[in-house]
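Chemist: Let me begin by handing over the structure; questions about it come next.
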Amino acid sequence: MRKGERRISSIVIWMAILGMMAMTAMVLNSPVAYGQAKAKALLNLNTASEKELEVLKGVGPATAKKIIAGRPYNSVDELSKAGVPGKTIEAIKPFVTAGPAAPSAVAPEKAVEKAKAAAAEKAKPSVEKAKATAEKAKSAVKLAPGQKININSATKEELDALPEIGSVKAQAIIDGRPYQKIEDIMKVKGIKEGTFNKIKDYITVK
């Protein structure tokens, strides 16, 4: 009896082992497990490299570049906005997904624009400071009450200090020398009677 019992016990153990192996195989081959494995294998359109995209059916180097340039995508169907044909989209749908976009997925053009904007914003204080310095320098050479300058010999800075006369008009005045009378300054481009009336008390030709 003991030998018979041992044989039965061995058979039961082997059957249990075989049953566990069969169950394991069924679990691994179940649709759920297959779906999970398949989901892990899907290619993320928002992070895939150009080479990875080229592996997809109907996607060549040109199409891969279009896909990368059109990122990010919220769905696979949005590939049409990047110029990908509908036939190609349908063919690759089972193999791709529109997952989270990586920080590096930003288009190079957008990154350049962002860098330019940041640089311009950073440069603003320097520009404003330069303008303030220029205004301060200009005010420093303002004419004293009753002081007159000779438009035939004055420096560009002195002419620039006259009302409504900037550096451009100051250079034009120098280029138009000599002047016989102060009214001749109205021959300079940009200096009309209105401007002349504001500077006539500050200029001379002697």
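Order determines the names: the first chain of the structure tokens is A, the second B, and so forth; residues in each chain are numbered 1 upward, and ligands are numbered 1 upward as they are shown.
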Give me the residues near region 175-179 of chain A as a PDB file with C-alpha atoms, in the first residue's frame, where near means some atom within 7 Å (using only C-alpha atoms) and where sequence neighbours in that chain fewer than 3 positions away do not count.
Modeler:
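Everything below was put into selection00.pdb:
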ATOM      1  CA  ASN A 152      29.822 128.551 -39.453  1.00  0.00           C
ATOM      2  CA  GLN A 171      25.698 117.336 -39.584  1.00  0.00           C
ATOM      3  CA  ALA A 172      23.540 118.791 -42.382  1.00  0.00           C
ATOM      4  CA  ILE A 182      21.295 133.128 -40.087  1.00  0.00           C
ATOM      5  CA  ASP A 184      20.356 130.781 -44.754  1.00  0.00           C
ATOM      6  CA  VAL A 188      19.251 122.915 -44.824  1.00  0.00           C
ATOM      7  CA  VAL A 205      27.166 133.879 -38.421  1.00  0.00           C
TER       8      VAL A 205
END
Chemist: Using only C-alpha atoms, which protein or nucleic acid residues come within 12 Å of region 72-89 of chain A? Drop anything in the same chain fewer than 4 positions from it, and give the result as an NGL selection string.
Modeler: :A and (42-48 or 56-60 or 62-68 or 93-107)
Chemist: Using only C-alpha atoms, which of A:Ile165, A:Glu121, A:Lys181, A:Val12 sits nearest Lys198 (chain A)?
Modeler: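 The shortest atom-to-atom distance to Lys198 (chain A) comes from A:Ile165.
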Chemist: Could you jot down the CA of Ile191 (chain A) to CA of Gly146 (chain A) separation for me, Å, one decimal place?
Modeler: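 Computing it gives 21.8 Å between the two atoms.
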Chemist: Just give me the gap between CA of Glu52 (chain A) and CA of Glu113 (chain A) in Å, one decimal is fine.
Modeler: 27.4 Å
